[in-house]
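Dropping input.tsv in here (TSV, C-alpha atoms):
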chain	number	residue	atom	x	y	z
A	263	GLU	CA	221.21	6.83	-25.03
A	264	MET	CA	217.57	6.87	-25.84
A	265	VAL	CA	217.91	10.00	-27.97
A	266	ASP	CA	220.44	8.09	-30.13
A	267	ALA	CA	217.76	5.47	-30.75
A	268	LEU	CA	215.27	8.22	-31.57
A	269	VAL	CA	217.54	9.82	-34.18
A	270	TYR	CA	218.38	6.40	-35.64
A	271	ALA	CA	214.67	5.51	-35.83
A	272	ILE	CA	213.70	8.73	-37.60
A	273	VAL	CA	216.38	8.16	-40.23
A	274	SER	CA	215.93	4.41	-40.62
A	275	GLU	CA	212.17	4.49	-41.05
A	276	ASN	CA	212.63	5.58	-44.68
A	277	MET	CA	216.17	4.40	-45.41
A	278	SER	CA	217.78	0.97	-45.43
A	279	GLU	CA	219.88	-0.21	-42.52
A	280	ALA	CA	223.08	0.28	-44.53
A	281	GLU	CA	222.08	3.81	-45.56
A	282	THR	CA	221.11	4.65	-41.98
A	283	GLN	CA	224.40	3.44	-40.55
A	284	SER	CA	226.26	5.53	-43.12
A	285	VAL	CA	224.16	8.60	-42.25
A	286	MET	CA	224.75	8.09	-38.52
A	287	ARG	CA	228.53	8.00	-39.10
A	288	LYS	CA	228.28	11.19	-41.16
A	289	PHE	CA	226.19	12.83	-38.42
A	290	SER	CA	228.82	12.01	-35.80
A	291	ASP	CA	231.56	13.42	-38.03
A	292	TYR	CA	229.63	16.58	-38.94
A	293	PHE	CA	227.70	17.55	-35.79
A	294	LEU	CA	229.19	18.07	-32.34
A	295	ASP	CA	226.17	16.44	-30.69
A	296	TRP	CA	222.40	16.11	-31.09
A	297	ASN	CA	221.93	19.66	-29.86
A	298	ASP	CA	224.06	20.82	-32.80
A	299	LEU	CA	221.81	18.79	-35.12
A	300	ARG	CA	218.73	20.30	-33.46
A	301	VAL	CA	219.77	23.86	-34.39
A	302	SER	CA	221.07	23.01	-37.87
A	303	ARG	CA	219.51	24.22	-41.09
A	304	ALA	CA	217.47	21.69	-43.05
A	305	GLU	CA	219.80	22.10	-46.05
A	306	GLU	CA	222.78	20.90	-43.99
A	307	ILE	CA	220.92	17.82	-42.81
A	308	ILE	CA	219.57	17.04	-46.29
A	309	GLU	CA	223.08	17.26	-47.71
A	310	ILE	CA	224.24	14.59	-45.26
A	311	LEU	CA	221.17	12.45	-45.95
A	312	GLY	CA	221.88	12.50	-49.68
A	313	ALA	CA	220.01	14.07	-52.58
A	314	ASP	CA	217.36	16.71	-51.96
A	315	ARG	CA	214.21	14.58	-52.27
A	316	PRO	CA	210.86	14.64	-50.47
A	317	VAL	CA	211.97	11.78	-48.19
A	318	THR	CA	215.20	13.52	-47.12
A	319	ARG	CA	213.31	16.77	-46.51
A	320	ASP	CA	210.79	14.85	-44.38
A	321	ILE	CA	213.58	13.19	-42.38
A	322	ALA	CA	215.37	16.50	-41.82
A	323	SER	CA	212.14	18.13	-40.68
A	324	ALA	CA	211.22	15.25	-38.36
A	325	LEU	CA	214.70	15.26	-36.81
A	326	THR	CA	214.74	18.96	-36.00
A	327	ARG	CA	211.11	18.96	-34.77
A	328	ALA	CA	211.68	15.96	-32.50
A	329	LEU	CA	214.96	17.23	-31.08
A	330	ARG	CA	213.44	20.70	-30.50
A	331	ALA	CA	210.48	19.13	-28.71
A	332	VAL	CA	212.82	17.10	-26.48
A	333	PHE	CA	214.88	20.19	-25.71
A	334	ASP	CA	211.79	22.28	-24.99
A	335	LYS	CA	210.45	19.65	-22.58
A	336	TYR	CA	213.68	18.74	-20.74
A	337	ASN	CA	215.92	21.76	-21.40
A	338	MET	CA	218.48	19.35	-22.89
A	339	VAL	CA	218.60	16.90	-25.77
A	340	SER	CA	218.27	13.74	-23.71
A	341	LEU	CA	215.52	11.25	-22.99
A	342	GLU	CA	217.27	9.30	-20.24
A	343	VAL	CA	214.65	10.50	-17.75
A	344	LEU	CA	212.17	8.24	-19.57
A	345	LYS	CA	214.13	5.14	-18.57
A	346	LYS	CA	213.24	5.85	-14.94
A	347	ALA	CA	209.60	6.65	-15.70
A	348	GLY	CA	208.59	3.14	-16.73
A	349	LYS	CA	207.57	1.72	-20.08
A	350	ARG	CA	203.96	2.91	-20.29
A	351	PRO	CA	204.71	6.57	-19.31
A	352	ALA	CA	207.77	6.51	-21.60
A	353	ARG	CA	205.64	5.34	-24.55
A	354	GLN	CA	203.03	8.02	-23.82
A	355	THR	CA	205.71	10.71	-23.71
A	356	LEU	CA	207.34	9.51	-26.94
A	357	GLU	CA	203.98	9.47	-28.72
A	358	LYS	CA	203.49	13.16	-27.88
A	359	ILE	CA	206.85	14.33	-29.25
A	360	ASP	CA	206.45	16.31	-32.47
A	361	GLY	CA	208.04	14.57	-35.44
A	362	VAL	CA	208.04	11.12	-33.85
A	363	SER	CA	206.20	8.44	-35.83
A	364	TRP	CA	204.66	5.18	-34.62
A	365	PHE	CA	207.74	3.37	-36.01
A	366	ALA	CA	210.10	5.60	-34.01
A	367	VAL	CA	208.11	5.10	-30.80
A	368	ASN	CA	208.21	1.32	-31.22
A	369	TYR	CA	211.89	1.38	-32.16
A	370	CYS	CA	212.78	3.35	-29.02
A	371	MET	CA	210.64	1.07	-26.88
A	372	LEU	CA	212.33	-2.03	-28.29
A	373	ILE	CA	215.92	-0.78	-28.39
A	374	SER	CA	216.21	1.54	-25.40
A	375	LEU	CA	213.63	0.18	-23.00
A	376	GLN	CA	213.61	-3.49	-24.03
A	377	GLY	CA	209.86	-3.17	-24.36
A	378	HIS	CA	207.62	-5.58	-26.21
A	379	ALA	CA	207.32	-3.78	-29.54
A	380	ILE	CA	207.96	-4.58	-33.18
A	381	PRO	CA	208.70	-1.47	-35.24
A	382	LEU	CA	207.60	-1.78	-38.87
A	383	THR	CA	208.82	0.21	-41.84
A	384	LYS	CA	206.69	0.54	-44.98
A	385	LYS	CA	208.96	-1.99	-46.69
A	386	MET	CA	208.46	-4.47	-43.86
A	387	ILE	CA	204.68	-4.08	-44.07
A	388	GLU	CA	204.82	-4.48	-47.85
A	389	PHE	CA	206.93	-7.64	-47.41
A	390	LEU	CA	204.44	-9.11	-44.93
A	391	ARG	CA	201.50	-8.35	-47.22
A	392	SER	CA	203.16	-9.55	-50.43
A	393	ASN	CA	204.07	-12.84	-48.75
A	394	ARG	CA	200.52	-13.15	-47.36
A	395	LEU	CA	201.73	-13.22	-43.75
A	396	VAL	CA	199.18	-10.64	-42.61
A	397	HIS	CA	195.73	-9.57	-43.74
A	398	PRO	CA	196.06	-7.36	-46.85
A	399	ASP	CA	193.73	-4.68	-45.44
A	400	ALA	CA	195.33	-4.47	-41.98
A	401	ASP	CA	196.94	-1.14	-41.14
A	402	GLU	CA	200.33	-0.62	-39.47
A	403	ARG	CA	198.99	-0.69	-35.91
A	404	GLU	CA	196.87	-3.79	-36.50
A	405	ILE	CA	199.85	-5.61	-38.01
A	406	GLU	CA	202.12	-4.51	-35.17
A	407	GLY	CA	199.54	-5.63	-32.61
A	408	PHE	CA	199.14	-8.98	-34.34
A	409	LEU	CA	202.91	-9.55	-34.43
A	410	THR	CA	203.43	-8.59	-30.78
A	411	ARG	CA	200.81	-11.18	-29.82
A	412	GLN	CA	202.63	-13.83	-31.90
A	413	ILE	CA	206.26	-12.96	-31.06
A	414	SER	CA	207.45	-13.01	-27.46
A	415	ALA	CA	209.22	-10.00	-25.96
A	416	ASP	CA	212.42	-12.07	-25.72
A	417	ASN	CA	212.36	-12.68	-29.49
A	418	ALA	CA	211.07	-9.26	-30.59
A	419	TYR	CA	214.44	-7.75	-31.54
A	420	GLU	CA	215.61	-10.83	-33.41
A	421	PHE	CA	212.30	-10.97	-35.28
A	422	TYR	CA	212.50	-7.24	-36.12
A	423	ALA	CA	216.08	-7.57	-37.39
A	424	LEU	CA	215.33	-10.64	-39.54
A	425	LEU	CA	212.12	-9.21	-40.96
A	426	ARG	CA	213.87	-5.95	-41.79
A	427	ARG	CA	216.77	-7.74	-43.47
A	428	HIS	CA	214.41	-9.89	-45.57
A	429	SER	CA	212.20	-6.95	-46.54
A	430	GLU	CA	215.21	-4.92	-47.70
A	431	ALA	CA	216.69	-7.93	-49.55
A	432	GLN	CA	213.37	-8.56	-51.34
A	433	LYS	CA	213.38	-5.04	-52.76
A	434	LYS	CA	216.86	-5.62	-54.20
A	435	VAL	CA	215.69	-8.87	-55.81
A	436	LYS	CA	212.65	-7.13	-57.32
A	437	SER	CA	214.76	-4.30	-58.75
A	438	LYS	CA	217.20	-6.82	-60.27
A	439	LYS	CA	214.31	-8.73	-61.85
A	440	ALA	CA	212.92	-5.48	-63.26
A	441	LYS	CA	216.31	-4.64	-64.79
A	442	VAL	CA	216.55	-8.10	-66.36
A	443	LYS	CA	213.02	-7.75	-67.84
A	444	THR	CA	213.90	-4.32	-69.25
A	445	LYS	CA	217.09	-5.67	-70.84
A	446	THR	CA	215.18	-8.63	-72.27
A	447	LYS	CA	212.52	-6.36	-73.77
A	448	LYS	CA	215.19	-4.10	-75.29
A	449	ALA	CA	217.01	-7.09	-76.77
A	450	LYS	CA	213.75	-8.44	-78.27
A	451	SER	CA	212.84	-5.06	-79.75
A	452	LYS	CA	216.31	-4.81	-81.36
A	453	LYS	CA	215.86	-8.26	-82.98
A	454	ILE	CA	212.42	-7.30	-84.26
A	455	SER	CA	213.60	-3.98	-85.69
A	456	HIS	CA	216.50	-5.56	-87.57
Once more with this new file: its structure as structure tokens, please.
Amino acid sequence: EMVDALVYAIVSENMSEAETQSVMRKFSDYFLDWNDLRVSRAEEIIEILGADRPVTRDIASALTRALRAVFDKYNMVSLEVLKKAGKRPARQTLEKIDGVSWFAVNYCMLISLQGHAIPLTKKMIEFLRSNRLVHPDADEREIEGFLTRQISADNAYEFYALLRRHSEAQKKVKSKKAKVKTKTKKAKSKKISH
């Protein structure tokens, strides 16, 4: 269902794929359905998302706002009507839903409507910039537009999945390098102090 993709997108925009899959399993165990999530307190959602941090509060808020907006528009928590509307009207409708980011719109277009879109998380954009694959001053929409012109619709999902995997793996490598540098500095300072 398209609303499944919407919920997944809102969570995964600021969490890794592994974290998002874990959260989605917890959601299915905890909530009866997306309508139950829609009427839940933010504290309940944050608890499932993990620690109470600004990012988890933002996700919880975006989820409830988006699901409320869907319910208010269609009198149910479903977006299946958009599949019949066509890709352009579906995109326009998604863009108007409160709590739905550019990433979430593109994710829904790619996953649910097989549209030509490449959703980009902040980590993915950072990866592209740090590897000099895009102009350093380009914003999210410019980068997304550039990539959709370079990557065919048939390859868009595979490209998204690979780019996401590499961007999340790069962060792990950077954090490991930072830990090694910290340990090395501590070891050097111990030698100097003795």
Review point. Interatomic distance between atom CA of A:Glu402 and atom CA of A:Asp314?
Key: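 Computing it gives 27.3 Å between the two atoms.
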Revision key, fill the gap. Nearest to A:Ile413, restricted to all atoms listed in the file and choosing among A:Glu342, A:Phe389, A:Ala379, A:Tyr270, comes out as A:Ala379
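Rounded to one decimal, atom CA of A:Cys370 and atom CA of A:Arg303 lie 25.0 Å from each other.
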Exercise for review: For A:Lys385, work out the shell of residues within 9 Å, counting all atoms listed in the file and skipping chain neighbours fewer than 6 positions away, then give it as a VMD selection string.
Suggested key: chain A and resid 276 426 429 to 430 433
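Coordinates place atom CA of A:Ser323 at a distance of 16.9 Å from atom CA of A:Glu357.
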**Study point:** Selected residue, from A:Arg411, A:Lys345, A:Arg300, A:Arg330, that lies nearest to A:Met264 when counting all atoms listed in the file
**Key:** A:Lys345
Give me stretch 370-382 of chain A from this structure - all heavy atoms, as an mmCIF file, in the first residue's frame.
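Once everything was written out, this is out_8.cif:
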data_model
loop_
_atom_site.group_PDB
_atom_site.id
_atom_site.type_symbol
_atom_site.label_atom_id
_atom_site.label_comp_id
_atom_site.auth_asym_id
_atom_site.auth_seq_id
_atom_site.Cartn_x
_atom_site.Cartn_y
_atom_site.Cartn_z
ATOM 1 N N CYS A 370 7.788 7.628 -2.301
ATOM 2 C CA CYS A 370 6.471 7.081 -2.665
ATOM 3 C C CYS A 370 6.313 6.968 -4.182
ATOM 4 O O CYS A 370 5.763 5.986 -4.687
ATOM 5 C CB CYS A 370 5.353 7.936 -2.081
ATOM 6 S SG CYS A 370 5.189 7.796 -0.297
ATOM 7 N N MET A 371 6.796 7.968 -4.894
ATOM 8 C CA MET A 371 6.717 7.930 -6.357
ATOM 9 C C MET A 371 7.511 6.747 -6.896
ATOM 10 O O MET A 371 7.035 6.019 -7.772
ATOM 11 C CB MET A 371 7.243 9.240 -6.963
ATOM 12 C CG MET A 371 6.388 10.451 -6.678
ATOM 13 S SD MET A 371 4.676 10.314 -7.245
ATOM 14 C CE MET A 371 4.901 10.142 -9.013
ATOM 15 N N LEU A 372 8.702 6.542 -6.382
ATOM 16 C CA LEU A 372 9.561 5.457 -6.853
ATOM 17 C C LEU A 372 9.017 4.086 -6.465
ATOM 18 O O LEU A 372 8.890 3.193 -7.303
ATOM 19 C CB LEU A 372 10.981 5.627 -6.287
ATOM 20 C CG LEU A 372 11.989 4.540 -6.658
ATOM 21 C CD1 LEU A 372 12.271 4.543 -8.153
ATOM 22 C CD2 LEU A 372 13.281 4.730 -5.864
ATOM 23 N N ILE A 373 8.658 3.919 -5.204
ATOM 24 C CA ILE A 373 8.279 2.606 -4.680
ATOM 25 C C ILE A 373 6.851 2.216 -5.045
ATOM 26 O O ILE A 373 6.602 1.108 -5.499
ATOM 27 C CB ILE A 373 8.458 2.568 -3.139
ATOM 28 C CG1 ILE A 373 9.911 2.847 -2.756
ATOM 29 C CG2 ILE A 373 7.982 1.255 -2.548
ATOM 30 C CD1 ILE A 373 10.931 1.901 -3.335
ATOM 31 N N SER A 374 5.918 3.102 -4.848
ATOM 32 C CA SER A 374 4.507 2.756 -5.032
ATOM 33 C C SER A 374 3.989 2.975 -6.445
ATOM 34 O O SER A 374 3.086 2.277 -6.888
ATOM 35 C CB SER A 374 3.634 3.552 -4.071
ATOM 36 O OG SER A 374 3.908 3.180 -2.749
ATOM 37 N N LEU A 375 4.537 3.977 -7.120
ATOM 38 C CA LEU A 375 4.012 4.309 -8.443
ATOM 39 C C LEU A 375 5.001 4.020 -9.572
ATOM 40 O O LEU A 375 4.731 4.335 -10.720
ATOM 41 C CB LEU A 375 3.594 5.783 -8.482
ATOM 42 C CG LEU A 375 2.478 6.153 -7.516
ATOM 43 C CD1 LEU A 375 2.260 7.652 -7.495
ATOM 44 C CD2 LEU A 375 1.192 5.432 -7.880
ATOM 45 N N GLN A 376 6.151 3.442 -9.218
ATOM 46 C CA GLN A 376 7.202 3.142 -10.183
ATOM 47 C C GLN A 376 7.518 4.360 -11.046
ATOM 48 O O GLN A 376 7.789 4.254 -12.241
ATOM 49 C CB GLN A 376 6.849 1.930 -11.076
ATOM 50 C CG GLN A 376 6.845 0.596 -10.363
ATOM 51 C CD GLN A 376 5.660 0.436 -9.413
ATOM 52 O OE1 GLN A 376 4.531 0.718 -9.779
ATOM 53 N NE2 GLN A 376 5.929 0.012 -8.196
ATOM 54 N N GLY A 377 7.473 5.522 -10.408
ATOM 55 C CA GLY A 377 7.780 6.768 -11.097
ATOM 56 C C GLY A 377 9.271 6.977 -11.213
ATOM 57 O O GLY A 377 10.076 6.308 -10.551
ATOM 58 N N HIS A 378 9.654 7.911 -12.048
ATOM 59 C CA HIS A 378 11.065 8.228 -12.256
ATOM 60 C C HIS A 378 11.479 9.246 -11.212
ATOM 61 O O HIS A 378 11.356 10.460 -11.421
ATOM 62 C CB HIS A 378 11.279 8.750 -13.665
ATOM 63 C CG HIS A 378 12.715 8.835 -14.043
ATOM 64 N ND1 HIS A 378 13.124 9.480 -15.168
ATOM 65 C CD2 HIS A 378 13.838 8.357 -13.468
ATOM 66 C CE1 HIS A 378 14.441 9.396 -15.272
ATOM 67 N NE2 HIS A 378 14.897 8.725 -14.244
ATOM 68 N N ALA A 379 11.946 8.764 -10.086
ATOM 69 C CA ALA A 379 12.366 9.620 -8.981
ATOM 70 C C ALA A 379 13.520 8.957 -8.250
ATOM 71 O O ALA A 379 13.626 7.727 -8.233
ATOM 72 C CB ALA A 379 11.206 9.839 -8.011
ATOM 73 N N ILE A 380 14.374 9.781 -7.669
ATOM 74 C CA ILE A 380 15.479 9.260 -6.860
ATOM 75 C C ILE A 380 15.451 9.994 -5.525
ATOM 76 O O ILE A 380 15.903 11.137 -5.421
ATOM 77 C CB ILE A 380 16.833 9.431 -7.569
ATOM 78 C CG1 ILE A 380 16.806 8.657 -8.888
ATOM 79 C CG2 ILE A 380 17.979 8.943 -6.671
ATOM 80 C CD1 ILE A 380 18.009 8.790 -9.751
ATOM 81 N N PRO A 381 14.878 9.352 -4.504
ATOM 82 C CA PRO A 381 14.828 9.980 -3.185
ATOM 83 C C PRO A 381 16.232 10.062 -2.580
ATOM 84 O O PRO A 381 17.022 9.126 -2.708
ATOM 85 C CB PRO A 381 13.931 9.049 -2.371
ATOM 86 C CG PRO A 381 13.798 7.802 -3.161
ATOM 87 C CD PRO A 381 14.256 8.048 -4.540
ATOM 88 N N LEU A 382 16.530 11.182 -1.947
ATOM 89 C CA LEU A 382 17.868 11.394 -1.381
ATOM 90 C C LEU A 382 17.788 11.805 0.083
ATOM 91 O O LEU A 382 17.161 12.812 0.411
ATOM 92 C CB LEU A 382 18.595 12.498 -2.159
ATOM 93 C CG LEU A 382 18.869 12.231 -3.636
ATOM 94 C CD1 LEU A 382 19.371 13.489 -4.318
ATOM 95 C CD2 LEU A 382 19.853 11.086 -3.806
#
